[in-house]
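Chemist: Handing you a structure now.
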Amino acid sequence: MSGYRTLHRHTEHDDDAVSSDNESSITASTLIPVFAVTFSPCQQTHVNTRSAANPNAKPPTRLLTTSADGLIRSYKITDKSIKADVLDAAALSMELDQIMLTSSNALYPKSKEESILGLGCAALSVVRNYVGEDPSAGDEVAASMRLDGHVAIWKRGEQPSYPDSKAETKNEDGTLAVVKPDAELDVKGTTGTTMMLLSPKSTGFSRHGIVMMVGMLDGSVSFICIGIGIPDSRKCNDTSKYSEQGTVLDNIGSGNSIPLSLAVHPLHHLTFAVGRKDGTIDIYSAGNGNAGGSIGGSISGDDLYGHIRRCHHLIQHAGNPVRALSFTPDGSLLISGCDDGHIYIHDTSSFRQNDSIRMVAAIHNAHRGYILSVDVLPDSKRFVTSSVDKTVKVWNVGTPNNGPVHSFDTGHENMIWDVSCSADGRRCVSCSDDGFVQVYSCEE
C-alpha cells in the first residue's frame, strides 16, 4: 500500500483544522491567500510530554507560512496517537503556536472581520544558524519579504520547549503570542517575490554573518547582509562578528531579465541558479565551482564576493518564465519548471565552470499550466511540484517520463503557490490562493 496520502487540511483563520462539518460556512471572502510555506530545517529532538509515553511518537516539526495579510504564522506539527501505545500514522495535529509580526503590524487580528489584505509577504526563507554536523543544533533564522521590498528577520531559539496546551500559547487576554522581528530593512528595487537566505551549513563561518540573496527589477541578484552573526566554533560559538545590516556585498547579472526563482548549490559555495522571466536559467559561480568555491585555492570564502561570474546559460525554457527551480540535496541535478507546464532536469553532478551541463530528462506537459514551485525530498530521488492547475505531484528523478509517482487529491480550489518537503522526508506541504495549507505523507 502506498504511503502517499493527504494527512491534514488547515486554514489560517482557524486554530483547528477545517472539518467537513464547518467547511461549507467558510467563503472566499473570509480566507487569506497563502503565498509561501516551508518546513523548518531545525530538527527537533524534544518529544511533546503528552505523547512521551508512546515510544513511536516523533518529535514535533515546525512549519512557517506567509500570507496576503502580511503575517508570518508558525505551526507545531505532531503525530497523533489513537491509543497510548499505537501511533496513527495517518493523522497529525497542526497547532498555531506563534504569530510573527513586522513593525507595521501593531496587533494580530482577533477576528476575521479585523483582517485586512494589504501588501502581503510573498517570499519566505528559513535556515539553521549552525555550521557543524549536529542536525539538532543551531538557532532558526527566518526571513520574509513583503511585496514592497520590506524584509523582516527573526531568530528563534534552539530546541524550543513546546507547550502542552493551547492555553499556554496565548496571552492573558486570549490573544495568540506574537513575536516582533530581530531586524528589519527595506530593499529598494526588488521584485518583492524572490529572496533566499544563504545557509551557514553551505557557507561556513563568515565574517559577514548570514547573507540574503534578493532578486532585483534590473535583472540582478544582490547579496545583502542581514546583521546576524554565524556561530564561530573556534571561539565558543561567538556570534558577535558580522557586517552591518543592509551592506551590499555583490550585485550580479544586471541587465538580464527579471529573476523569478533562485536555487543554491548545496555543495559548491556561492554557486547558484537564477530562473528568469524570459525563460532562461543562468548559473553563477565564484571561482571554478569546486567545493568551497575558492579560485585556485588563493581566495578565502569571505573574499569571493566580487569574483562571482556567470558560467552557464540554459535556454530550454526560452519564452516561458521559470518560476520553479531547485538543486537536489546531493547536488547532482538541477530541476526547473516553467509557465508552459514543462519540467527539465540537468546533470550538475560533475559541475565545473568550464564544463557543459547536460539535460538528462524533459517532462512535457507535466502540469496543465504554470509550474509555481518545486522542492526535492532529502533522498534526492524524488521531487514535488505544484501548479496553477491545483495539483501537487511527486516525481521520481530516475523515471520522470513514466509520469508522476503520485498525484495528490489536494482539494485546493485555486492555484497552489508553494510546496515544501520536511527534513526527514516523511511529509510535504502545499499552500494555495484559496487560503488552505495541506500536509501530505510522502512515505513510500
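Labels used: A, B, ... for chains in the order of the C-alpha cells, numbers from 1 for residues in each chain, and numbers from 1 for ligands as shown.
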Residues at most 9 Å from Leu372 (chain A), counting only C-alpha atoms, excluding those fewer than 2 positions away in the same chain, as a list in words?
Modeler: Val322, Arg323, Ala324, Gly337, Cys338, Asp339, Tyr370, Val374, Thr385, Ser386, Ser387, Val388, Met415, Ile416, Trp417, Asp418 and Val419 of chain A
Chemist: How about saving the chosen residues, N, CA and C atoms kept, as a JSON list (two decimals), in the first residue's frame?
Modeler:
[["chain", "number", "residue", "atom", "x", "y", "z"],
["A", 322, "VAL", "N", 10.51, 30.99, -15.77],
["A", 322, "VAL", "CA", 10.92, 29.89, -14.89],
["A", 322, "VAL", "C", 10.67, 30.32, -13.45],
["A", 323, "ARG", "N", 9.58, 29.80, -12.87],
["A", 323, "ARG", "CA", 9.20, 30.17, -11.50],
["A", 323, "ARG", "C", 9.60, 29.10, -10.48],
["A", 324, "ALA", "N", 9.96, 27.91, -10.95],
["A", 324, "ALA", "CA", 10.28, 26.79, -10.05],
["A", 324, "ALA", "C", 11.68, 26.29, -10.36],
["A", 337, "GLY", "N", 10.98, 24.21, -13.63],
["A", 337, "GLY", "CA", 9.64, 24.17, -14.20],
["A", 337, "GLY", "C", 9.23, 25.56, -14.64],
["A", 338, "CYS", "N", 8.43, 25.64, -15.70],
["A", 338, "CYS", "CA", 8.10, 26.93, -16.27],
["A", 338, "CYS", "C", 6.61, 27.06, -16.56],
["A", 339, "ASP", "N", 6.23, 28.18, -17.20],
["A", 339, "ASP", "CA", 4.83, 28.51, -17.40],
["A", 339, "ASP", "C", 4.13, 27.66, -18.44],
["A", 370, "TYR", "N", 0.98, 26.97, -15.40],
["A", 370, "TYR", "CA", 2.23, 27.41, -14.80],
["A", 370, "TYR", "C", 2.66, 26.46, -13.68],
["A", 374, "VAL", "N", 8.86, 23.92, -6.93],
["A", 374, "VAL", "CA", 9.42, 22.57, -6.90],
["A", 374, "VAL", "C", 10.30, 22.46, -5.66],
["A", 385, "THR", "N", 6.13, 18.95, -7.16],
["A", 385, "THR", "CA", 5.82, 20.18, -7.90],
["A", 385, "THR", "C", 4.39, 20.61, -7.62],
["A", 386, "SER", "N", 4.14, 21.92, -7.76],
["A", 386, "SER", "CA", 2.79, 22.47, -7.64],
["A", 386, "SER", "C", 2.54, 23.42, -8.79],
["A", 387, "SER", "N", 1.26, 23.70, -9.05],
["A", 387, "SER", "CA", 0.91, 24.41, -10.28],
["A", 387, "SER", "C", -0.39, 25.20, -10.10],
["A", 388, "VAL", "N", -0.64, 26.06, -11.10],
["A", 388, "VAL", "CA", -1.93, 26.75, -11.15],
["A", 388, "VAL", "C", -3.06, 25.79, -11.50],
["A", 415, "MET", "N", -4.95, 28.22, -7.48],
["A", 415, "MET", "CA", -3.55, 27.91, -7.75],
["A", 415, "MET", "C", -2.79, 27.60, -6.48],
["A", 416, "ILE", "N", -1.84, 26.66, -6.58],
["A", 416, "ILE", "CA", -1.03, 26.24, -5.44],
["A", 416, "ILE", "C", 0.32, 26.93, -5.56],
["A", 417, "TRP", "N", 0.53, 27.91, -4.71],
["A", 417, "TRP", "CA", 1.71, 28.78, -4.82],
["A", 417, "TRP", "C", 3.01, 28.07, -4.46],
["A", 418, "ASP", "N", 2.99, 27.21, -3.47],
["A", 418, "ASP", "CA", 4.27, 26.72, -2.95],
["A", 418, "ASP", "C", 4.13, 25.31, -2.39],
["A", 419, "VAL", "N", 5.23, 24.56, -2.45],
["A", 419, "VAL", "CA", 5.33, 23.27, -1.78],
["A", 419, "VAL", "C", 6.66, 23.22, -1.03]]
Chemist: Determine, counting only C-alpha atoms, which protein, DNA and RNA residues have an atom within 12 Å of an atom of Leu377 (chain A); residues of the same chain fewer than 6 positions away are not included. Present the result as a list in words.
Modeler: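 Counting only the stated atoms, we get Phe39, Ser326, Phe327, Thr328, Pro329, Asp330, Phe383, Val384, Thr385, Val394, Trp395, Asn396, Val397, Val419, Ser420, Cys421, Ser422, Ala423, Asp424, Gly425, Arg426, Arg427, Cys428, Val429, Ser441, Cys442 and Glu443 of chain A.
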Chemist: Okay, now the selection with N, CA and C atoms, as an mmCIF file, in the first residue's frame?
Modeler:
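Saved the output as out_23.cif:
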data_model
loop_
_atom_site.group_PDB
_atom_site.id
_atom_site.type_symbol
_atom_site.label_atom_id
_atom_site.label_comp_id
_atom_site.auth_asym_id
_atom_site.auth_seq_id
_atom_site.Cartn_x
_atom_site.Cartn_y
_atom_site.Cartn_z
ATOM 1 N N PHE A 39 8.897 24.025 5.735
ATOM 2 C CA PHE A 39 9.258 23.334 6.961
ATOM 3 C C PHE A 39 10.564 23.926 7.473
ATOM 4 N N SER A 326 15.206 24.144 -8.367
ATOM 5 C CA SER A 326 15.798 23.534 -7.185
ATOM 6 C C SER A 326 16.901 22.557 -7.569
ATOM 7 N N PHE A 327 17.997 22.585 -6.809
ATOM 8 C CA PHE A 327 19.010 21.541 -6.880
ATOM 9 C C PHE A 327 18.572 20.389 -5.982
ATOM 10 N N THR A 328 18.971 19.170 -6.330
ATOM 11 C CA THR A 328 18.776 18.057 -5.409
ATOM 12 C C THR A 328 19.755 18.209 -4.246
ATOM 13 N N PRO A 329 19.423 17.683 -3.058
ATOM 14 C CA PRO A 329 20.297 17.844 -1.889
ATOM 15 C C PRO A 329 21.705 17.307 -2.084
ATOM 16 N N ASP A 330 21.888 16.315 -2.978
ATOM 17 C CA ASP A 330 23.235 15.821 -3.237
ATOM 18 C C ASP A 330 23.956 16.607 -4.324
ATOM 19 N N PHE A 383 11.015 14.363 -6.260
ATOM 20 C CA PHE A 383 10.749 15.782 -6.092
ATOM 21 C C PHE A 383 9.255 16.041 -6.231
ATOM 22 N N VAL A 384 8.824 17.186 -5.697
ATOM 23 C CA VAL A 384 7.412 17.534 -5.640
ATOM 24 C C VAL A 384 7.200 18.857 -6.363
ATOM 25 N N THR A 385 6.128 18.952 -7.161
ATOM 26 C CA THR A 385 5.818 20.179 -7.903
ATOM 27 C C THR A 385 4.390 20.612 -7.619
ATOM 28 N N VAL A 394 4.229 14.130 -7.228
ATOM 29 C CA VAL A 394 5.525 13.595 -6.809
ATOM 30 C C VAL A 394 6.128 12.849 -7.990
ATOM 31 N N TRP A 395 7.424 13.105 -8.265
ATOM 32 C CA TRP A 395 8.115 12.515 -9.404
ATOM 33 C C TRP A 395 9.353 11.771 -8.935
ATOM 34 N N ASN A 396 9.738 10.746 -9.699
ATOM 35 C CA ASN A 396 10.979 10.026 -9.457
ATOM 36 C C ASN A 396 12.012 10.517 -10.464
ATOM 37 N N VAL A 397 13.175 10.963 -9.975
ATOM 38 C CA VAL A 397 14.170 11.524 -10.882
ATOM 39 C C VAL A 397 14.747 10.472 -11.821
ATOM 40 N N VAL A 419 5.226 24.562 -2.448
ATOM 41 C CA VAL A 419 5.333 23.267 -1.777
ATOM 42 C C VAL A 419 6.659 23.221 -1.029
ATOM 43 N N SER A 420 6.693 22.421 0.035
ATOM 44 C CA SER A 420 7.916 22.268 0.812
ATOM 45 C C SER A 420 7.962 20.850 1.372
ATOM 46 N N CYS A 421 9.166 20.276 1.427
ATOM 47 C CA CYS A 421 9.363 18.924 1.957
ATOM 48 C C CYS A 421 10.052 19.008 3.314
ATOM 49 N N SER A 422 9.648 18.139 4.221
ATOM 50 C CA SER A 422 10.237 18.144 5.556
ATOM 51 C C SER A 422 11.652 17.556 5.527
ATOM 52 N N ALA A 423 12.442 17.918 6.524
ATOM 53 C CA ALA A 423 13.844 17.494 6.567
ATOM 54 C C ALA A 423 13.996 15.985 6.710
ATOM 55 N N ASP A 424 12.994 15.315 7.284
ATOM 56 C CA ASP A 424 13.081 13.861 7.432
ATOM 57 C C ASP A 424 12.470 13.119 6.250
ATOM 58 N N GLY A 425 11.899 13.842 5.286
ATOM 59 C CA GLY A 425 11.350 13.230 4.087
ATOM 60 C C GLY A 425 10.005 12.551 4.274
ATOM 61 N N ARG A 426 9.429 12.659 5.452
ATOM 62 C CA ARG A 426 8.171 11.971 5.714
ATOM 63 C C ARG A 426 6.970 12.710 5.139
ATOM 64 N N ARG A 427 7.087 14.019 4.996
ATOM 65 C CA ARG A 427 5.920 14.814 4.620
ATOM 66 C C ARG A 427 6.287 15.915 3.640
ATOM 67 N N CYS A 428 5.257 16.391 2.942
ATOM 68 C CA CYS A 428 5.361 17.631 2.194
ATOM 69 C C CYS A 428 4.107 18.442 2.483
ATOM 70 N N VAL A 429 4.155 19.722 2.153
ATOM 71 C CA VAL A 429 3.048 20.620 2.456
ATOM 72 C C VAL A 429 2.841 21.560 1.276
ATOM 73 N N SER A 441 1.525 12.880 3.385
ATOM 74 C CA SER A 441 2.541 11.891 3.695
ATOM 75 C C SER A 441 3.289 11.532 2.423
ATOM 76 N N CYS A 442 4.623 11.460 2.509
ATOM 77 C CA CYS A 442 5.448 11.073 1.365
ATOM 78 C C CYS A 442 6.199 9.777 1.640
ATOM 79 N N GLU A 443 5.764 9.036 2.626
ATOM 80 C CA GLU A 443 6.417 7.779 2.948
ATOM 81 C C GLU A 443 5.972 6.706 1.966
#
Chemist: Show which residues sit within 6 Å of Gly204 (chain A), as a ChimeraX atom specification. Count only C-alpha atoms, and ignore same-chain residues fewer than 3 positions away.
Modeler: /A:131,200-201
Chemist: Per DSSP on the backbone, filter region 208-364 of chain A down to the residues in helix (DSSP H, G or I) and report them as a PyMOL selection string.
Modeler: chain A and resi 233-235+301-303
Chemist: Excluding Val178 (chain A) and any residue of its chain fewer than 4 positions from it, enumerate the residues within 6 Å of it, using only C-alpha atoms, and give them as a short mmCIF file (atom, residue, chain, number, x, y, z; two decimals) with all heavy atoms, in the first residue's frame.
Modeler:
data_model
loop_
_atom_site.label_atom_id
_atom_site.label_comp_id
_atom_site.auth_asym_id
_atom_site.auth_seq_id
_atom_site.Cartn_x
_atom_site.Cartn_y
_atom_site.Cartn_z
N GLN A 98 2.57 30.52 17.19
CA GLN A 98 3.24 31.82 17.24
C GLN A 98 2.86 32.64 16.02
O GLN A 98 2.73 32.11 14.92
CB GLN A 98 4.76 31.62 17.27
CG GLN A 98 5.47 32.50 18.28
CD GLN A 98 6.93 32.14 18.42
OE1 GLN A 98 7.64 31.92 17.45
NE2 GLN A 98 7.40 32.06 19.66
N ILE A 99 2.68 33.94 16.26
CA ILE A 99 2.48 34.89 15.17
C ILE A 99 3.70 35.79 15.12
O ILE A 99 4.11 36.36 16.13
CB ILE A 99 1.21 35.74 15.39
CG1 ILE A 99 -0.03 34.86 15.42
CG2 ILE A 99 1.08 36.79 14.30
CD1 ILE A 99 -0.31 34.17 14.11
N MET A 100 4.30 35.91 13.95
CA MET A 100 5.50 36.73 13.79
C MET A 100 5.10 37.99 13.04
O MET A 100 4.74 37.94 11.86
CB MET A 100 6.56 35.91 13.06
CG MET A 100 6.94 34.65 13.85
SD MET A 100 7.62 33.31 12.86
CE MET A 100 9.26 33.96 12.52
#
Chemist: Got a sec: who's within 12 Å of Leu333 (chain A), counting only C-alpha atoms, leaving out chain neighbours fewer than 6 positions off, as a JSON list (two decimals) with C-alpha atoms, in the first residue's frame?
Modeler:
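part-v6.json was written with the following content:
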[["chain", "number", "residue", "atom", "x", "y", "z"],
["A", 263, "ALA", "CA", 18.42, 27.85, -6.16],
["A", 264, "VAL", "CA", 21.72, 27.46, -4.31],
["A", 265, "HIS", "CA", 24.03, 24.51, -4.98],
["A", 266, "PRO", "CA", 24.32, 22.52, -1.73],
["A", 267, "LEU", "CA", 28.00, 21.58, -2.18],
["A", 273, "ALA", "CA", 20.99, 29.23, -10.40],
["A", 325, "LEU", "CA", 13.94, 25.87, -9.54],
["A", 326, "SER", "CA", 15.80, 23.53, -7.18],
["A", 327, "PHE", "CA", 19.01, 21.54, -6.88],
["A", 344, "TYR", "CA", 13.62, 19.96, -17.39],
["A", 345, "ILE", "CA", 16.32, 18.14, -15.42],
["A", 346, "HIS", "CA", 20.02, 18.96, -15.88],
["A", 347, "ASP", "CA", 23.01, 16.94, -14.66],
["A", 348, "THR", "CA", 25.17, 19.01, -12.30],
["A", 349, "SER", "CA", 26.99, 16.09, -10.67],
["A", 350, "SER", "CA", 30.37, 16.98, -12.19],
["A", 351, "PHE", "CA", 29.87, 20.71, -12.11],
["A", 357, "ILE", "CA", 25.72, 20.98, -18.27],
["A", 358, "ARG", "CA", 23.77, 18.20, -19.92],
["A", 359, "MET", "CA", 19.98, 17.96, -19.93],
["A", 360, "VAL", "CA", 19.11, 14.41, -18.86],
["A", 361, "ALA", "CA", 15.30, 14.49, -18.84],
["A", 376, "VAL", "CA", 13.24, 17.89, -3.63],
["A", 380, "SER", "CA", 17.45, 13.25, -3.84],
["A", 381, "LYS", "CA", 15.42, 10.58, -5.67],
["A", 382, "ARG", "CA", 12.01, 12.25, -5.65],
["A", 383, "PHE", "CA", 10.75, 15.78, -6.09],
["A", 397, "VAL", "CA", 14.17, 11.52, -10.88],
["A", 398, "GLY", "CA", 15.20, 8.13, -12.29]]
Chemist: Please provide the set of residues having any atom within 7 Å of Ile252 (chain A), restricted to only C-alpha atoms, with same-chain residues fewer than 6 positions apart removed, written as an NGL selection string.
Modeler: :A and (220-222)
Chemist: Restricting it to C-alpha atoms, dump the selection as a short mmCIF file (atom, residue, chain, number, x, y, z; two decimals), in the first residue's frame.
Modeler:
data_model
loop_
_atom_site.label_atom_id
_atom_site.label_comp_id
_atom_site.auth_asym_id
_atom_site.auth_seq_id
_atom_site.Cartn_x
_atom_site.Cartn_y
_atom_site.Cartn_z
CA SER A 220 20.43 41.34 -10.98
CA VAL A 221 20.75 39.34 -7.77
CA SER A 222 22.02 41.25 -4.74
#
Chemist: Kindly give the distance, in Å, that separates CA of Thr191 (chain A) and CA of Thr38 (chain A), rounded to a single decimal.
Modeler: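 Interatomic distance here is 20.2 Å.
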Chemist: For the atom pair CA of Ala177 (chain A) and CA of Asp97 (chain A), what is the interatomic distance in Å to one decimal place?
Modeler: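 CA of Asp97 (chain A) lies at a distance of 7.4 Å from CA of Ala177 (chain A).
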Chemist: Between A:Gly403, A:Gly219, A:Gly192, A:Pro41, which one has atoms that come closest to Ala122 (chain A), using only C-alpha atoms?
Modeler: A:Gly192
Chemist: So the first atom is CA of Leu314 (chain A) and the second is CA of His342 (chain A); what is the distance between them in Å, to one decimal place?
Modeler: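 About the pair CA of Leu314 (chain A) and CA of His342 (chain A): they are 14.4 Å apart.
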